[in-house]
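Report on the following structure.
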Amino acid sequence: MYGSLALGESLDIGGVKISFLEGDIPRYVRDGYERHVAGVDRLMVHPAPPIYLPILGLFRHVMIPISPAITVAPGGEVSIEKSVLVDVAVSTPTEEPQYIDVFPMEIPKMAVYGRSADGILCRYLFEGDGAASVKVKINIRSDCRFPITISKVVVPTSLFKIFYIEGSVEARAADLNLVLECDVGVVRVGKYPEGYKPVPMEAEQTLLRRMQLEPGIIKRILTQVEEFIMDRGF
Amino acid sequence: MTSNIDILGFQLPFTYGQLYSGVVTLVFFLVLGYILKTLIYRYGVRALPKKIAESISKTTFYIFIFIGVLGLLGSLGVDPTSLVVAGGIAGLAIGFASRTVVSNLLSGLFLYIDRPIKEGDPVEVEGVGGVVEDINILSTRITSWDGVFHRIPNEKVFTTVIKNFSKTTARRVEYRIGISYNSDVDRAREIIYEVISNEPLALVEPGPQVFLDSLGEYSQVLAVRFWAPTPQWFTAKTKVLQKIKEAFDREGIEIPYPHRIVYVRESASS
């Protein structure tokens, strides 16, 4: 369940037990992972943006598989809802949160969108329900004069905005609107879910330190884009 | 001003006027050269790599110093044409001697334009595998995987085969694993697929391939192929092979070592 993990409490998230233990210096514990956290009396538990696992900084996009593939006729419109698995994050309840832990519910995997030579490395979001699943509505419209079959949607991680409800395991991503233009598809963020809370994001500087990268690179990773052109197939 | 300069009774072969005009000429060319050097660097660095812009601007400055010195000597009555001829002969000699230097310099320029490698790239050049530390105007410096510093002349880098391991998004890992003829090929394939799917660094797309590749003298050889992000290729390669070995040991899939069965026929007399 997402929400607060108070000092002295434990939580079970999809079979993974996490605890915030009292002591001289309070300790956050998950399986073999342990971290001292001072100065806070609780931690926040919420879905993690899919940028941390398997390796932070290695990819900047997510791939959402659509299986079975959908063939959209010229002028056709279709809305589908997918439930994909992301990771769980534990962060400090501070104004600028710091992630204490990010752990997956399934083995985090990656895929290449396009050719292996010059394609885009993506976090592959498996379909699935349960703990750390995020529902996302994908609205597809075809502006092409011939039918197009679509088996995946690829977006930059900055367009995959996750929201959640405290006290539940309910999480949703902002809608994705995909317009098919024959050779390319244009993906934009659609409606944000109502009544949900945005996932707290770490500050750029914190991510920078984590990745041990130069400022220029982190800027390129975090650049907010309005749309993404899928030009390497569907 | 019109008589020759006299220093402690020693008559120099030029006047104060000639010296003054010579110094003015030299300073003029020095200032002009410095301004041009600054301008060339300032504008060149926007279009060219820093080191190239720096080299061009410095060379320009040196040419202007040379012209200034020629002007000074000319003003002092030294015949510049004789200097130019002498300089030309010397230049020719230096030119022959510095053929390799020029070749390296031009190769360095072409490397900057072509950019097959850049600083920080993991590469293999001229049989040296390592990380590119620096590409300067004459040579490329590589620190090999075992931490040894290598300086390779640019001419060699430009004309040789370069393997750049960071140019692509993903690289394929490939193994050939022999299992005994007593082992179940399908089960072995299942185990390998499972190991690959449990490894975060093995990509979902392009997908993995595991197939019976050949029937060897003492083993059935399975070819295993999967893709990994280029920066993590080596880690993925070593991790997955280790896990396959562990899984085979657990599941009783035998990896045979080379062996030969020898039959000894005993003769009737013995």
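A note on labels: chains of the structure tokens are A, B, ... as shown, every chain counts residues from 1, and ligands are counted from 1 in their shown order.
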Can you work out which residues from chain B touch chain A at a cut-off of 8 Å (counting only C-alpha atoms) and hand them back as number ranges by chain?
B: 167-171, 198-206, 229
Ile177 of chain B surroundings by only C-alpha atoms, 9 Å radius, close-in-sequence under 4 positions cut, as a PDB file with C-alpha atoms, in the first residue's frame:
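Written file, result.pdb:
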```pdb
ATOM      1  CA  SER B 219      29.199 -32.642 -27.410  1.00  0.00           C
ATOM      2  CA  GLN B 220      26.035 -31.155 -28.832  1.00  0.00           C
ATOM      3  CA  VAL B 221      26.883 -27.498 -29.349  1.00  0.00           C
ATOM      4  CA  LEU B 222      24.265 -24.887 -28.483  1.00  0.00           C
ATOM      5  CA  ALA B 223      24.583 -21.385 -29.886  1.00  0.00           C
ATOM      6  CA  VAL B 224      23.364 -18.726 -27.442  1.00  0.00           C
ATOM      7  CA  ILE B 255      29.269 -29.890 -20.083  1.00  0.00           C
TER       8      ILE B 255
END
```
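The two atoms in question, atom CA of Lys82 of chain A and atom CA of Met1 of chain A, are spaced 20.4 Å apart.
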Do you know which residues are at most 8 Å from Pro65 of chain A counting only C-alpha atoms, after dropping those on the same chain fewer than 3 positions away, and could you put them as a PDB file with C-alpha atoms, in the first residue's frame?
```
ATOM      1  CA  TYR A 124      10.480  -2.263 -21.210  1.00  0.00           C
ATOM      2  CA  LEU A 125       7.296  -2.088 -19.146  1.00  0.00           C
ATOM      3  CA  PHE A 126       5.760  -5.538 -18.853  1.00  0.00           C
ATOM      4  CA  GLU A 127       2.034  -5.838 -18.700  1.00  0.00           C
ATOM      5  CA  SER A 151       2.430  -3.358 -31.270  1.00  0.00           C
ATOM      6  CA  LYS A 152       4.158  -0.850 -29.020  1.00  0.00           C
ATOM      7  CA  VAL A 153       4.153   2.726 -27.815  1.00  0.00           C
TER       8      VAL A 153
END
```
Per-residue DSSP, segment 41-207 of chain A, filtered to alpha helix (DSSP H), as a PDB file with all heavy atoms, in the first residue's frame:
```pdb
ATOM      1  N   GLU A 204      17.001  17.523  -9.749  1.00  0.00           N
ATOM      2  CA  GLU A 204      17.987  17.224 -10.804  1.00  0.00           C
ATOM      3  C   GLU A 204      19.385  17.031 -10.222  1.00  0.00           C
ATOM      4  O   GLU A 204      20.130  16.156 -10.647  1.00  0.00           O
ATOM      5  CB  GLU A 204      18.027  18.365 -11.818  1.00  0.00           C
ATOM      6  CG  GLU A 204      16.801  18.407 -12.682  1.00  0.00           C
ATOM      7  CD  GLU A 204      16.848  19.525 -13.701  1.00  0.00           C
ATOM      8  OE1 GLU A 204      17.940  20.044 -13.947  1.00  0.00           O
ATOM      9  OE2 GLU A 204      15.788  19.861 -14.234  1.00  0.00           O
ATOM     10  N   GLN A 205      19.714  17.867  -9.234  1.00  0.00           N
ATOM     11  CA  GLN A 205      21.051  17.789  -8.639  1.00  0.00           C
ATOM     12  C   GLN A 205      21.284  16.452  -7.947  1.00  0.00           C
ATOM     13  O   GLN A 205      22.374  15.901  -7.991  1.00  0.00           O
ATOM     14  CB  GLN A 205      21.257  18.939  -7.638  1.00  0.00           C
ATOM     15  CG  GLN A 205      21.440  20.291  -8.297  1.00  0.00           C
ATOM     16  CD  GLN A 205      22.533  20.275  -9.353  1.00  0.00           C
ATOM     17  OE1 GLN A 205      23.611  19.737  -9.130  1.00  0.00           O
ATOM     18  NE2 GLN A 205      22.263  20.827 -10.531  1.00  0.00           N
ATOM     19  N   THR A 206      20.224  15.946  -7.316  1.00  0.00           N
ATOM     20  CA  THR A 206      20.335  14.654  -6.631  1.00  0.00           C
ATOM     21  C   THR A 206      20.574  13.552  -7.649  1.00  0.00           C
ATOM     22  O   THR A 206      21.433  12.690  -7.463  1.00  0.00           O
ATOM     23  CB  THR A 206      19.029  14.366  -5.849  1.00  0.00           C
ATOM     24  OG1 THR A 206      18.688  15.525  -5.109  1.00  0.00           O
ATOM     25  CG2 THR A 206      19.185  13.184  -4.923  1.00  0.00           C
ATOM     26  N   LEU A 207      19.800  13.606  -8.742  1.00  0.00           N
ATOM     27  CA  LEU A 207      19.971  12.601  -9.797  1.00  0.00           C
ATOM     28  C   LEU A 207      21.361  12.689 -10.394  1.00  0.00           C
ATOM     29  O   LEU A 207      21.995  11.679 -10.674  1.00  0.00           O
ATOM     30  CB  LEU A 207      18.935  12.829 -10.906  1.00  0.00           C
ATOM     31  CG  LEU A 207      17.530  12.329 -10.608  1.00  0.00           C
ATOM     32  CD1 LEU A 207      16.583  12.775 -11.708  1.00  0.00           C
ATOM     33  CD2 LEU A 207      17.506  10.815 -10.519  1.00  0.00           C
TER      34      LEU A 207
END
```
In Å, how far is it from atom CA of Val128 of chain B to atom CA of Val102 of chain B?
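Here the two named atoms are 23.6 Å from each other.
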Taking only C-alpha atoms into account, which of B:His259, B:Arg176, B:Arg189, B:Gln232 comes nearest Leu215 of chain B?
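Closest residue, counting only C-alpha atoms: B:Arg176.
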Near Gly147 of chain B, within 12 Å and counting only C-alpha atoms, which residues show up once chain neighbours fewer than 6 positions away are dropped, as a short mmCIF file (atom, residue, chain, number, x, y, z; two decimals) with N, CA and C atoms, in the first residue's frame?
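The file below, out-v3.cif, is the result:
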```cif
data_model
loop_
_atom_site.label_atom_id
_atom_site.label_comp_id
_atom_site.auth_asym_id
_atom_site.auth_seq_id
_atom_site.Cartn_x
_atom_site.Cartn_y
_atom_site.Cartn_z
N VAL B 128 45.36 -2.26 -30.26
CA VAL B 128 45.31 -1.80 -28.87
C VAL B 128 43.85 -1.57 -28.47
N GLY B 129 43.39 -2.31 -27.49
CA GLY B 129 42.02 -2.14 -27.00
C GLY B 129 42.06 -1.35 -25.72
N GLY B 130 41.21 -0.32 -25.63
CA GLY B 130 41.19 0.50 -24.42
C GLY B 130 40.28 1.70 -24.58
N VAL B 131 40.48 2.67 -23.72
CA VAL B 131 39.64 3.87 -23.74
C VAL B 131 40.46 5.04 -24.30
N VAL B 132 39.84 5.79 -25.22
CA VAL B 132 40.52 6.94 -25.82
C VAL B 132 40.63 8.04 -24.76
N GLU B 133 41.86 8.44 -24.48
CA GLU B 133 42.07 9.49 -23.47
C GLU B 133 42.14 10.87 -24.13
#
```
Strand (DSSP E or B) positions in segment 77-258 of chain B, given as a ChimeraX atom specification
/B:122-125,128-135,139-144,149-153,162-164,170-179,209-215,220-229
Which residues, written as JSON, numbers by chain, have at least one atom at most 8 Å from segment 188-192 of chain A, with only C-alpha atoms counted and residues fewer than 6 positions away on the same chain left out?
{"A": [159, 160, 173, 174, 175, 176, 177, 178, 226, 227, 228]}
Quick one: residues within 8 Å of Val125 of chain B, only C-alpha atoms, excluding same-chain residues fewer than 6 positions away - as a compact mmCIF listing (two decimals) with N, CA, C and O atoms, in the first residue's frame?
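Result saved to part.txt:
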```txt
# COMPACT_ATOMS: atom_id res chain seq x y z
N VAL B 157 46.24 5.67 -37.02
CA VAL B 157 44.83 5.60 -36.59
C VAL B 157 43.92 5.80 -37.79
O VAL B 157 42.93 5.10 -37.95
N THR B 160 44.14 2.68 -40.32
CA THR B 160 43.91 1.31 -39.84
C THR B 160 42.41 1.06 -39.58
O THR B 160 41.60 1.99 -39.65
N VAL B 161 42.09 -0.18 -39.29
CA VAL B 161 40.70 -0.52 -38.95
C VAL B 161 40.46 -0.11 -37.50
O VAL B 161 41.24 -0.44 -36.61
N ILE B 162 39.38 0.65 -37.30
CA ILE B 162 39.05 1.09 -35.94
C ILE B 162 37.79 0.37 -35.49
O ILE B 162 36.79 0.36 -36.21
N LYS B 163 37.86 -0.24 -34.32
CA LYS B 163 36.64 -0.82 -33.74
C LYS B 163 36.21 0.10 -32.62
O LYS B 163 36.95 0.29 -31.65
```
One-decimal distance in Å that lies between atom CA of Phe146 of chain A and atom CA of Gly75 of chain A
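Between atom CA of Gly75 of chain A and atom CA of Phe146 of chain A the gap is 9.0 Å.
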